[in-house]
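Source file: work_24.cif (mmCIF, C-alpha atoms)
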data_my_file
loop_
_atom_site.group_PDB
_atom_site.id
_atom_site.type_symbol
_atom_site.label_atom_id
_atom_site.label_comp_id
_atom_site.auth_asym_id
_atom_site.auth_seq_id
_atom_site.Cartn_x
_atom_site.Cartn_y
_atom_site.Cartn_z
ATOM 1 C CA MET A 1 95.068 82.783 89.477
ATOM 2 C CA VAL A 2 95.011 81.652 93.085
ATOM 3 C CA GLY A 3 91.911 79.532 92.626
ATOM 4 C CA GLN A 4 93.233 78.006 89.424
ATOM 5 C CA ASN A 5 96.516 77.045 91.053
ATOM 6 C CA LEU A 6 94.846 75.678 94.166
ATOM 7 C CA GLY A 7 92.504 73.639 91.950
ATOM 8 C CA ALA A 8 95.550 72.296 90.135
ATOM 9 C CA ARG A 9 96.985 71.341 93.553
ATOM 10 C CA LYS A 10 99.891 73.775 93.211
ATOM 11 C CA PRO A 11 99.724 75.857 96.401
ATOM 12 C CA GLU A 12 103.259 77.207 95.942
ATOM 13 C CA ARG A 13 102.182 78.818 92.667
ATOM 14 C CA ALA A 14 99.095 80.231 94.374
ATOM 15 C CA VAL A 15 101.277 81.871 97.013
ATOM 16 C CA ARG A 16 103.546 83.268 94.302
ATOM 17 C CA ALA A 17 100.516 84.678 92.469
ATOM 18 C CA VAL A 18 99.423 86.459 95.652
ATOM 19 C CA TYR A 19 102.899 87.907 96.175
ATOM 20 C CA LEU A 20 103.294 89.067 92.580
ATOM 21 C CA THR A 21 99.858 90.623 92.401
ATOM 22 C CA SER A 22 100.388 92.449 95.684
ATOM 23 C CA PHE A 23 103.801 93.684 94.599
ATOM 24 C CA TYR A 24 102.510 95.031 91.272
ATOM 25 C CA ASN A 25 99.578 96.674 93.044
ATOM 26 C CA MET A 26 101.865 98.367 95.562
ATOM 27 C CA MET A 27 104.215 99.603 92.841
ATOM 28 C CA PHE A 28 101.348 101.009 90.765
ATOM 29 C CA LEU A 29 99.758 102.759 93.742
ATOM 30 C CA ALA A 30 103.116 104.188 94.798
ATOM 31 C CA LEU A 31 103.706 105.529 91.276
ATOM 32 C CA VAL A 32 100.263 107.142 91.165
ATOM 33 C CA ALA A 33 100.840 108.618 94.625
ATOM 34 C CA LEU A 34 104.182 110.093 93.571
ATOM 35 C CA VAL A 35 102.622 111.689 90.491
ATOM 36 C CA PHE A 36 99.751 113.103 92.560
ATOM 37 C CA ILE A 37 102.161 114.500 95.163
ATOM 38 C CA ALA A 38 104.715 115.870 92.682
ATOM 39 C CA PHE A 39 102.381 117.346 90.050
ATOM 40 C CA PRO A 40 98.977 118.149 91.574
ATOM 41 C CA GLY A 41 98.742 121.623 90.017
ATOM 42 C CA PRO A 42 99.295 120.580 86.385
ATOM 43 C CA LEU A 43 96.944 117.622 86.812
ATOM 44 C CA VAL A 44 94.188 119.843 88.180
ATOM 45 C CA ALA A 45 94.791 122.379 85.400
ATOM 46 C CA LEU A 46 93.857 119.668 82.872
ATOM 47 C CA PHE A 47 90.335 119.613 84.314
ATOM 48 C CA THR A 48 89.594 123.123 85.573
ATOM 49 C CA ALA A 49 90.856 126.671 85.268
ATOM 50 C CA ASP A 50 88.575 128.008 88.004
ATOM 51 C CA PRO A 51 90.805 129.708 90.594
ATOM 52 C CA ALA A 52 88.267 128.995 93.334
ATOM 53 C CA VAL A 53 88.291 125.245 92.685
ATOM 54 C CA ALA A 54 91.971 124.582 91.955
ATOM 55 C CA PRO A 55 93.325 124.851 95.541
ATOM 56 C CA PHE A 56 90.703 122.412 96.811
ATOM 57 C CA ALA A 57 91.436 119.986 93.977
ATOM 58 C CA VAL A 58 95.185 120.147 94.660
ATOM 59 C CA ASP A 59 94.578 119.383 98.330
ATOM 60 C CA CYS A 60 92.256 116.536 97.378
ATOM 61 C CA LEU A 61 94.865 114.964 95.085
ATOM 62 C CA ARG A 62 97.440 115.093 97.855
ATOM 63 C CA ILE A 63 95.040 113.474 100.321
ATOM 64 C CA VAL A 64 94.210 110.749 97.796
ATOM 65 C CA ALA A 65 97.927 110.214 97.177
ATOM 66 C CA TYR A 66 98.629 109.582 100.852
ATOM 67 C CA GLY A 67 95.560 107.356 100.940
ATOM 68 C CA ASN A 68 97.031 105.348 98.064
ATOM 69 C CA LEU A 69 100.199 104.809 100.060
ATOM 70 C CA ALA A 70 98.159 103.590 103.029
ATOM 71 C CA TYR A 71 96.095 101.363 100.736
ATOM 72 C CA ALA A 72 99.241 99.866 99.231
ATOM 73 C CA SER A 73 100.607 99.062 102.665
ATOM 74 C CA ALA A 74 97.275 97.469 103.605
ATOM 75 C CA TRP A 75 97.637 95.202 100.574
ATOM 76 C CA CYS A 76 101.008 94.157 101.942
ATOM 77 C CA TRP A 77 99.389 93.030 105.208
ATOM 78 C CA CYS A 78 96.546 91.297 103.357
ATOM 79 C CA ARG A 79 99.067 89.473 101.223
ATOM 80 C CA ARG A 80 100.804 88.129 104.294
ATOM 81 C CA SER A 81 97.606 86.869 105.889
ATOM 82 C CA THR A 82 96.411 85.343 102.602
ATOM 83 C CA ALA A 83 99.696 83.556 102.069
ATOM 84 C CA ARG A 84 99.431 82.035 105.547
ATOM 85 C CA ALA A 85 95.855 80.871 104.918
ATOM 86 C CA ILE A 86 96.701 78.909 101.779
ATOM 87 C CA PRO A 87 97.387 75.270 102.700
#

Before we go any further, please render this structure as structure tokens.
Amino acid sequence: MVGQNLGARKPERAVRAVYLTSFYNMMFLALVALVFIAFPGPLVALFTADPAVAPFAVDCLRIVAYGNLAYASAWCWCRRSTARAIP
């Protein structure tokens, strides 16, 4: 969308596309992180019933959830630098 809008000589729409895409990405990653943090046990139970594996899988989901939050915030910083780079 950014390239299409820049090609159409509409940089303000390109900036808006960057902001909207980043916002939707952050909201989705935050939602996934909240689900992983709030319900790791039931999610793991969908895939394994092995009592030796479940605690490790629960810990892994929590780590991934916090990683998603960090990734979402990184998108926020990328969005800002991208918006400044568009003429």

All file atoms of region 32-37 of chain A boxed axis-aligned, 4 Å per side, centre plus edges, as lines of an AutoDock Vina configuration file:
center_x = 102.0
center_y = 110.8
center_z = 92.8
size_x = 12.4
size_y = 15.4
size_z = 12.7

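You will find CA of Val44 (chain A) at 8.5 Å from CA of Leu61 (chain A).
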
(message) From the options A:Pro40, A:Gly67, A:Pro11, A:Gly3, which residue's atoms come nearest to Ala54 (chain A), counting only C-alpha atoms?
(response)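 Ranking A:Pro40, A:Gly67, A:Pro11, A:Gly3 by distance to Ala54 (chain A), first place goes to A:Pro40.
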
(request) Could you state which residues are captured by the PyMOL selection byres ((chain A and resi 41) around 12) in this file, as a ChimeraX atom specification? (result) /A:35-40,42-49,51,53-62

(message) Just checking: using all atoms listed in the file, which residue out of A:Ala74, A:Val64, A:Ala14, A:Val2 ends up closest to Ala33 (chain A)?
(response)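 Among the listed residues, the smallest separation from Ala33 (chain A) belongs to A:Val64.
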
(request) Might you spell out which residues the PyMOL selection byres ((chain A and resi 22-29) around 9) would select in the displayed file, as a ChimeraX atom specification? (result) /A:17-21,30-34,65,68-69,71-73,75-76,78-79

Save the residues we just selected, C-alpha atoms, as a PDB file, keeping the file's coordinate frame?
ATOM      1  CA  ALA A  17     100.516  84.678  92.469  1.00  0.00           C
ATOM      2  CA  VAL A  18      99.423  86.459  95.652  1.00  0.00           C
ATOM      3  CA  TYR A  19     102.899  87.907  96.175  1.00  0.00           C
ATOM      4  CA  LEU A  20     103.294  89.067  92.580  1.00  0.00           C
ATOM      5  CA  THR A  21      99.858  90.623  92.401  1.00  0.00           C
ATOM      6  CA  ALA A  30     103.116 104.188  94.798  1.00  0.00           C
ATOM      7  CA  LEU A  31     103.706 105.529  91.276  1.00  0.00           C
ATOM      8  CA  VAL A  32     100.263 107.142  91.165  1.00  0.00           C
ATOM      9  CA  ALA A  33     100.840 108.618  94.625  1.00  0.00           C
ATOM     10  CA  LEU A  34     104.182 110.093  93.571  1.00  0.00           C
ATOM     11  CA  ALA A  65      97.927 110.214  97.177  1.00  0.00           C
ATOM     12  CA  ASN A  68      97.031 105.348  98.064  1.00  0.00           C
ATOM     13  CA  LEU A  69     100.199 104.809 100.060  1.00  0.00           C
ATOM     14  CA  TYR A  71      96.095 101.363 100.736  1.00  0.00           C
ATOM     15  CA  ALA A  72      99.241  99.866  99.231  1.00  0.00           C
ATOM     16  CA  SER A  73     100.607  99.062 102.665  1.00  0.00           C
ATOM     17  CA  TRP A  75      97.637  95.202 100.574  1.00  0.00           C
ATOM     18  CA  CYS A  76     101.008  94.157 101.942  1.00  0.00           C
ATOM     19  CA  CYS A  78      96.546  91.297 103.357  1.00  0.00           C
ATOM     20  CA  ARG A  79      99.067  89.473 101.223  1.00  0.00           C
TER      21      ARG A  79
END
